[in-house]
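Asker: I am attaching a structure below and will ask some questions about it afterwards.
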Protein chains: 2
Amino acid sequence: MSQNIEHKRHTLAHLLAAAVLEKYPKAKLTLGPAVDNGFYYDIDFSNGESPGDNDLKGLQKDMKKLMNKWNEFTHEEVAPDKAREMFKGNEFKLELIDEIEQKGEKINLYTCGGFTDLCRGGHVENPKEEIATDAFKLDKIAGAYWRGNEKNPMLTRIYGLAFDTREELADYEKQREEARARDHKKLGAELDLYVIDEKVGKGLPLWTPKGTAIKQTLENFTLNLERKYGYEHVSTPYLGSEKLYQTSGHLDHYSSSMYSPIDMDGEKYYLRPMACPHHIRMFQRKSWSYKDLPVRYAEIADYNRFEKSGELMGMIRVRKFELTDGHIFVAPDGLKEEFKNVCRMIAEGMEGLGLSEIVSYRFSKRDPANTEKYFPDDDLWNNAEAIMKEALDEIGFSYIEAEDEAAFYGPKLDVQAKNVNGKEDTLFTAQMDFLLPEKFEMEYVDADGKKKRPVMIHRSTIGSLERVFAFLIEHYGGNFPLWLAPTQLAIIPVAEAHNEYAEEVAEVLRKQNLRIELDSSNESMGKKIRNAKKMKLPYFIVIGDKEVEGKTVTLESRDTDSSENIGIKALIDKLVAEIER
Amino acid sequence: MSQNIEHKRHTLAHLLAAAVLEKYPKAKLTLGPAVDNGFYYDIDFSNGESPGDNDLKGLQKDMKKLMNKWNEFTHEEVAPDKAREMFKGNEFKLELIDEIEQKGEKINLYTCGGFTDLCRGGHVENPKEEIATDAFKLDKIAGAYWRGNEKNPMLTRIYGLAFDTREELADYEKQREEARARDHKKLGAELDLYVIDEKVGKGLPLWTPKGTAIKQTLENFTLNLERKYGYEHVSTPYLGSEKLYQTSGHLDHYSSSMYSPIDMDGEKYYLRPMACPHHIRMFQRKSWSYKDLPVRYAEIADYNRFEKSGELMGMIRVRKFELTDGHIFVAPDGLKEEFKNVCRMIAEGMEGLGLSEIVSYRFSKRDPANTEKYFPDDDLWNNAEAIMKEALDEIGFSYIEAEDEAAFYGPKLDVQAKNVNGKEDTLFTAQMDFLLPEKFEMEYVDADGKKKRPVMIHRSTIGSLERVFAFLIEHYGGNFPLWLAPTQLAIIPVAEAHNEYAEEVAEVLRKQNLRIELDSSNESMGKKIRNAKKMKLPYFIVIGDKEVEGKTVTLESRDTDSSENIGIKALIDKLVAEIER
């Protein structure tokens, strides 16, 4: 946020407060900052009437009216007691005054249009001139605890949106509306893709039949891609002994993200937060020659990470997830080639999911000055970062470099994705690791007959199934491409007489492993078609007299207005070709 | 064991003791019973020399020699003090004498061939006449704690095998040898199918790449079979809240098989021992009409059951397993048809895995007299058992009935499999359940507009992947049929010159999703072929000058001696046809 827009937003918080006090004289003001998309003010209405959503328009009008007189801010520094006198009866402001005094700071009052507030400053000089009255808008009302603490009184928070121009405000609202329509939690419920049931547990989503169809499709997509890139699949348990995580160092450095241990016959076991130790022990089940390397293990692995109840969010932040995980054990001189291989696979995966346009890559390096955050070995770091950079450059990856963003044990490539709000999230990473092979004393026999230590690459193929699922829902707005769609096609018989042929067609399509729904309910054809559209099915076919007679179907598409009368064989060919694309 | 063979075996335990005392006069005898395949005697050798495996032949000879004089048992009842005098210095026998006295029982001595032992009786009258000296054999030596308690002294247990005839002994040994060769723990290691790593955890197997190939094949087999039978797949977490398992009753009735709870932000969560509550909550995410039933949910579900360290065994008894699980919610009047559907699917699954010949079915009913063990509702039980019986009879299932073997909440069908030792194990079950729908207050709207309670069927498709995997390894002795084999074919180039063409062939076969291994190592062709045979690969192809020139391969089979020169296309057709069969 540029300083100017921040000042405008902060000024508008004052203006809102002034308008509120005129209409609700018993209200007590507390705090009102600028935020990312506007401003808010937290107000205590417990002594009198309080506004509802319907009152926002009126307040907004009042603000605009008041604005006419808001043409100058004046500033005054006052003694604490004078401030206390002014805000007598407002325990919130009194608390703030006490705190400012205790810190030995100055107490500042700002006045505009006859309205005075306790404030640190940061306003526009002449609101009337500088702020466009059609570029802000009161947005919504919500509850908020005083200072965010649930032990404190509940206040009323009034939110406003504010931008420099009317167009920016409109753009923002439009984008927000679109994002809301695409929200994976909203679509997840509407399209019946997953459900979070408090009785089963918080942060533990259940994938419904439709969601599971997508999950299985993503799993197969991942497994096939990994096979193509030379991975061997393994399957390891989501539990690990205390010893295992002592050796790996997770219990020392990562325990705040781990759950409390489980006792098994006197031994402690942990829900695993990561599967690297399991894959390392898999590698160590036998001895290896340099000729066998790289060894690439992949697994759709169960991970468990502690998240506070309040921080859980849909499929994005969960307590248990399945990572399309993998670990590569490679001789140091094969590291660069192998890292290229990893990058190529990731790019192919993102392309295949249709996410290329929202994905970007970040090469995260250490900050050599930050000696606490990184494994201390300058040569190793310089070498690893040089190798990663060369690998990225040689395959022509476009990426940004980020200093001080590496993992403790090595540099990494972050796969970043923009969500529907335009914000960037890390979808998953690929990391070089010289440390765990050391801790587990891993080795292979080199060409010279000597035992050497392999390097390890931690990498994901498409991230966690939960997170990529959420991104896909939002990216496609629920309009999944045919290959991903949980139901690919609805069969709609016009009347009961057409059910028999419809069932025949259904049987043929099911045998082709197409995911279809036969709607032989008693609803009208129009209702059935509206249902199919509401559930965002890529295709539906209508079957009436003409179709029964000609042994054809009439195919209609979600994405085009065309309608086509074709034979079953042609239909299958068309669908299969589209799925394979 | 018939009484006669038990008497023979017990008599041989005496004979062994007599032979031991002659050769090791400082030995102290303790207890020597008959067992399933012969007998053993636990002996304390701590005061002098002790026998090793090499001494068993000598002891056996001595037994046969002594046998000549063993033609009559005499019996004497003695007073405790006289017995104590006789066994002076043998603290083990003295402990037994004290116990017999405390119980107020008689102290019996049995003598034969001049050897007297404290004993309850149960011998043959004339050992020399009745026992064939070529029908028994000393087998092995092992350690055993006195009375099985690890706080007691360690004794030496000498095992003998004993049967009525030499042929029976030979048969037993042959069968045992075969069973040992097929043991899934042994083959699991030799064929590198799975590994149990103590550092990862006890009872938590890691599926290696080869094992995972089989696992994935079994998963796909299961999913396809379930799709065919109208199941919808779901995916639910392996954790459940305390509330969930309170409602289901697992915490009240099943907690001894559950692990200690995990704290998540002040709430208790359990590793789930069963997934039924999850599927019930999935069902309850929306409302249902009678027209929607039956609803069939299937999932390869993670289960966690407490097992003591000492009771863990390979892939058969583990602490975490994946059950090919499923739950059906059906209206009461659809129960019989649905149960038939379940049985048909199970039979098709067992047939598909090639296990039909070792599988049998047990219809497990309640014992009406055992009121503690079963949910008390006579009408409900009679009705449920009648429905299950009718279902089984109508589809012509052959089964045995077992009283007092039902589950608490309903009758069940047990799928029994014979292991390589000829013993029967329960592979998995299908159960009717009227209780959980009640506890969770499940409902659907019936044709009359009233809310009704569905019945639930718990069922597995092929059991747990771990257990069926162990059974398959043992049943096939590692010689998996082509579709299941982790590596289906090895490509063996005769010399380096043939590697390039071999790689081309490999590429073509991989694209067909065939699981192949290209052995381009520097080993001799003979060694490579021996390796492929040792790993029990169904096929290998040899590639030399002739094959490179003619663009063919020479195919050899594990199961026949034939060798065939064929083109690549013909090879693929042959393999694909065999896999589809």
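Ordering of the structure tokens sets the chain letters (A, B, ...); residue numbers start at 1 within each chain; ligands are numbered from 1 in the order shown.
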For Asp414 (chain A), please output as a PyMOL selection string all residues within 12 Å (counting only C-alpha atoms; exclusion window: fewer than 3 positions along the same chain).

Answerer: chain A and resi 343+346+359-365+399-402+405-407+411+417+424-432+458-460+462-463

Asker: Where does chain A meet chain B within 6 Å, residue by residue, with the nearest atom pair and distance in Å to one decimal for each, counting only C-alpha atoms, listed by chain and rising number, as a Markdown table?

Answerer:
| residue | atom | partner | partner_atom | distance |
| --- | --- | --- | --- | --- |
| A:Lys199 | CA | B:Leu244 | CA | 5.6 |
| A:Val200 | CA | B:Gly240 | CA | 5.0 |
| A:Gly201 | CA | B:Ser241 | CA | 5.3 |
| A:Leu206 | CA | B:Thr236 | CA | 4.8 |
| A:Trp207 | CA | B:Ser235 | CA | 5.0 |
| A:Thr208 | CA | B:Val234 | CA | 5.3 |
| A:Pro209 | CA | B:Val234 | CA | 5.0 |
| A:Thr212 | CA | B:Val234 | CA | 5.4 |
| A:Glu232 | CA | B:Pro209 | CA | 5.7 |
| A:His233 | CA | B:Pro209 | CA | 5.3 |
| A:Val234 | CA | B:Pro209 | CA | 5.0 |
| A:Ser235 | CA | B:Trp207 | CA | 5.0 |
| A:Thr236 | CA | B:Leu206 | CA | 4.8 |
| A:Gly240 | CA | B:Val200 | CA | 5.0 |
| A:Ser241 | CA | B:Gly201 | CA | 5.3 |
| A:Leu244 | CA | B:Lys199 | CA | 5.6 |
| A:Ser260 | CA | B:Ile262 | CA | 5.6 |
| A:Ile262 | CA | B:Ser260 | CA | 5.6 |

Asker: Store the residues of this selection in a file with all heavy atoms, as a short mmCIF file (atom, residue, chain, number, x, y, z; two decimals), in the first residue's frame.

Answerer:
data_model
loop_
_atom_site.label_atom_id
_atom_site.label_comp_id
_atom_site.auth_asym_id
_atom_site.auth_seq_id
_atom_site.Cartn_x
_atom_site.Cartn_y
_atom_site.Cartn_z
N LYS A 199 -17.61 -33.60 14.02
CA LYS A 199 -17.64 -34.81 14.84
C LYS A 199 -16.49 -35.76 14.47
O LYS A 199 -15.93 -36.43 15.33
CB LYS A 199 -18.98 -35.52 14.68
CG LYS A 199 -19.24 -36.55 15.74
CD LYS A 199 -20.73 -36.77 15.93
CE LYS A 199 -20.96 -37.74 17.09
NZ LYS A 199 -22.37 -37.82 17.44
N VAL A 200 -16.18 -35.82 13.19
CA VAL A 200 -15.00 -36.59 12.79
C VAL A 200 -13.75 -35.86 13.28
O VAL A 200 -12.87 -36.45 13.90
CB VAL A 200 -14.95 -36.78 11.26
CG1 VAL A 200 -13.59 -37.29 10.82
CG2 VAL A 200 -16.04 -37.73 10.81
N GLY A 201 -13.69 -34.56 13.03
CA GLY A 201 -12.56 -33.81 13.57
C GLY A 201 -12.28 -32.55 12.78
O GLY A 201 -12.55 -32.47 11.58
N LEU A 206 -13.30 -34.86 4.80
CA LEU A 206 -13.75 -36.11 4.18
C LEU A 206 -13.94 -35.83 2.69
O LEU A 206 -14.65 -34.90 2.32
CB LEU A 206 -15.10 -36.56 4.76
CG LEU A 206 -15.27 -36.61 6.28
CD1 LEU A 206 -16.70 -37.00 6.64
CD2 LEU A 206 -14.30 -37.59 6.90
N TRP A 207 -13.31 -36.60 1.84
CA TRP A 207 -13.51 -36.47 0.39
C TRP A 207 -14.76 -37.26 0.03
O TRP A 207 -14.79 -38.48 0.19
CB TRP A 207 -12.32 -37.03 -0.38
CG TRP A 207 -10.97 -36.45 -0.12
CD1 TRP A 207 -10.22 -36.60 1.02
CD2 TRP A 207 -10.16 -35.66 -1.02
NE1 TRP A 207 -9.01 -35.95 0.87
CE2 TRP A 207 -8.95 -35.37 -0.37
CE3 TRP A 207 -10.35 -35.19 -2.31
CZ2 TRP A 207 -7.93 -34.63 -0.96
CZ3 TRP A 207 -9.33 -34.45 -2.91
CH2 TRP A 207 -8.14 -34.18 -2.24
N THR A 208 -15.76 -36.57 -0.49
CA THR A 208 -17.00 -37.23 -0.90
C THR A 208 -16.75 -38.08 -2.16
O THR A 208 -15.65 -38.02 -2.72
CB THR A 208 -18.03 -36.17 -1.27
OG1 THR A 208 -17.48 -35.40 -2.34
CG2 THR A 208 -18.34 -35.24 -0.10
N PRO A 209 -17.75 -38.83 -2.61
CA PRO A 209 -17.53 -39.60 -3.84
C PRO A 209 -17.05 -38.72 -5.01
O PRO A 209 -16.12 -39.09 -5.73
CB PRO A 209 -18.92 -40.19 -4.13
CG PRO A 209 -19.50 -40.40 -2.75
CD PRO A 209 -19.04 -39.20 -1.95
N THR A 212 -13.53 -37.64 -4.29
CA THR A 212 -12.63 -38.78 -4.39
C THR A 212 -12.35 -39.12 -5.86
O THR A 212 -11.24 -39.55 -6.20
CB THR A 212 -13.21 -39.99 -3.64
OG1 THR A 212 -13.46 -39.60 -2.29
CG2 THR A 212 -12.23 -41.16 -3.63
N GLU A 232 10.56 -44.98 -8.50
CA GLU A 232 9.98 -46.22 -8.00
C GLU A 232 9.03 -45.85 -6.88
O GLU A 232 9.38 -45.04 -6.01
CB GLU A 232 11.07 -47.12 -7.41
CG GLU A 232 12.06 -47.60 -8.44
CD GLU A 232 13.07 -48.54 -7.80
OE1 GLU A 232 13.88 -48.08 -6.97
OE2 GLU A 232 13.04 -49.73 -8.13
N HIS A 233 7.85 -46.44 -6.88
CA HIS A 233 6.90 -46.14 -5.81
C HIS A 233 7.12 -47.03 -4.61
O HIS A 233 7.44 -48.20 -4.74
CB HIS A 233 5.46 -46.27 -6.33
CG HIS A 233 5.13 -45.15 -7.28
ND1 HIS A 233 4.81 -45.36 -8.59
CD2 HIS A 233 5.15 -43.82 -7.10
CE1 HIS A 233 4.63 -44.19 -9.18
NE2 HIS A 233 4.84 -43.24 -8.30
N VAL A 234 6.98 -46.42 -3.45
CA VAL A 234 7.09 -47.16 -2.20
C VAL A 234 5.86 -46.80 -1.36
O VAL A 234 5.11 -45.88 -1.70
CB VAL A 234 8.38 -46.80 -1.43
CG1 VAL A 234 9.61 -47.21 -2.23
CG2 VAL A 234 8.42 -45.30 -1.09
N SER A 235 5.68 -47.52 -0.28
CA SER A 235 4.54 -47.22 0.60
C SER A 235 5.01 -47.41 2.04
O SER A 235 5.47 -48.48 2.42
CB SER A 235 3.39 -48.18 0.26
OG SER A 235 2.30 -47.93 1.10
N THR A 236 4.94 -46.33 2.80
CA THR A 236 5.50 -46.36 4.16
C THR A 236 4.46 -45.81 5.15
O THR A 236 3.57 -45.07 4.76
CB THR A 236 6.79 -45.52 4.23
OG1 THR A 236 6.48 -44.15 3.93
CG2 THR A 236 7.83 -46.02 3.24
N GLY A 240 6.08 -43.03 13.07
CA GLY A 240 7.52 -43.27 13.18
C GLY A 240 7.90 -43.27 14.64
O GLY A 240 7.30 -42.58 15.47
N SER A 241 8.91 -44.06 14.97
CA SER A 241 9.32 -44.18 16.37
C SER A 241 10.06 -42.93 16.83
O SER A 241 10.56 -42.14 16.02
CB SER A 241 10.22 -45.40 16.55
OG SER A 241 11.52 -45.08 16.10
N LEU A 244 13.55 -42.67 15.46
CA LEU A 244 13.65 -42.22 14.07
C LEU A 244 13.73 -40.70 14.01
O LEU A 244 14.56 -40.13 13.30
CB LEU A 244 12.42 -42.71 13.30
CG LEU A 244 12.46 -42.51 11.79
CD1 LEU A 244 13.46 -43.46 11.15
CD2 LEU A 244 11.09 -42.74 11.16
N SER A 260 1.33 -34.80 19.78
CA SER A 260 1.80 -35.50 20.98
C SER A 260 1.98 -36.98 20.66
O SER A 260 1.28 -37.54 19.82
CB SER A 260 0.80 -35.31 22.12
OG SER A 260 -0.47 -35.84 21.77
N ILE A 262 2.26 -41.18 20.82
CA ILE A 262 1.34 -42.27 21.14
C ILE A 262 2.18 -43.37 21.79
O ILE A 262 3.26 -43.69 21.30
CB ILE A 262 0.71 -42.82 19.84
CG1 ILE A 262 -0.10 -41.72 19.17
CG2 ILE A 262 -0.15 -44.04 20.10
CD1 ILE A 262 -0.35 -41.99 17.70
#

Asker: Could you pull the residues within 9 Å of region 377-393 of chain A, counting only C-alpha atoms, minus those fewer than 3 positions along the same chain, as a list in words?

Answerer: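 Once the adjacent positions are removed, what remains is Leu335, Lys336, Glu337, Glu338, Phe339, Lys340, Cys343, Phe363, Lys365, Arg366, Pro368, Tyr374, Gly396, Phe397, Ser398, Tyr399, Tyr409, Gly410, Pro411, Lys412, Leu413, Met432 and Phe434 of chain A.
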
Asker: Have a look at CA of Glu76 (chain A) and CA of Tyr110 (chain A) and let me know their distance in Å, one decimal.

Answerer: 6.5 Å

Asker: Please identify all polymer residues within 8 Å of region 50-65 of chain B, counting only C-alpha atoms, omitting same-chain residues fewer than 6 positions from it, and present them as a ChimeraX atom specification.

Answerer: /B:15-16,18-20,24,133,137-141

Asker: Need the shell around Asn126 (chain B): protein/DNA/RNA residues with any atom at most 7 Å away, counting only C-alpha atoms. Skip same-chain ones fewer than 4 positions apart. Format as a PyMOL selection string?

Answerer: chain B and resi 70-72+130
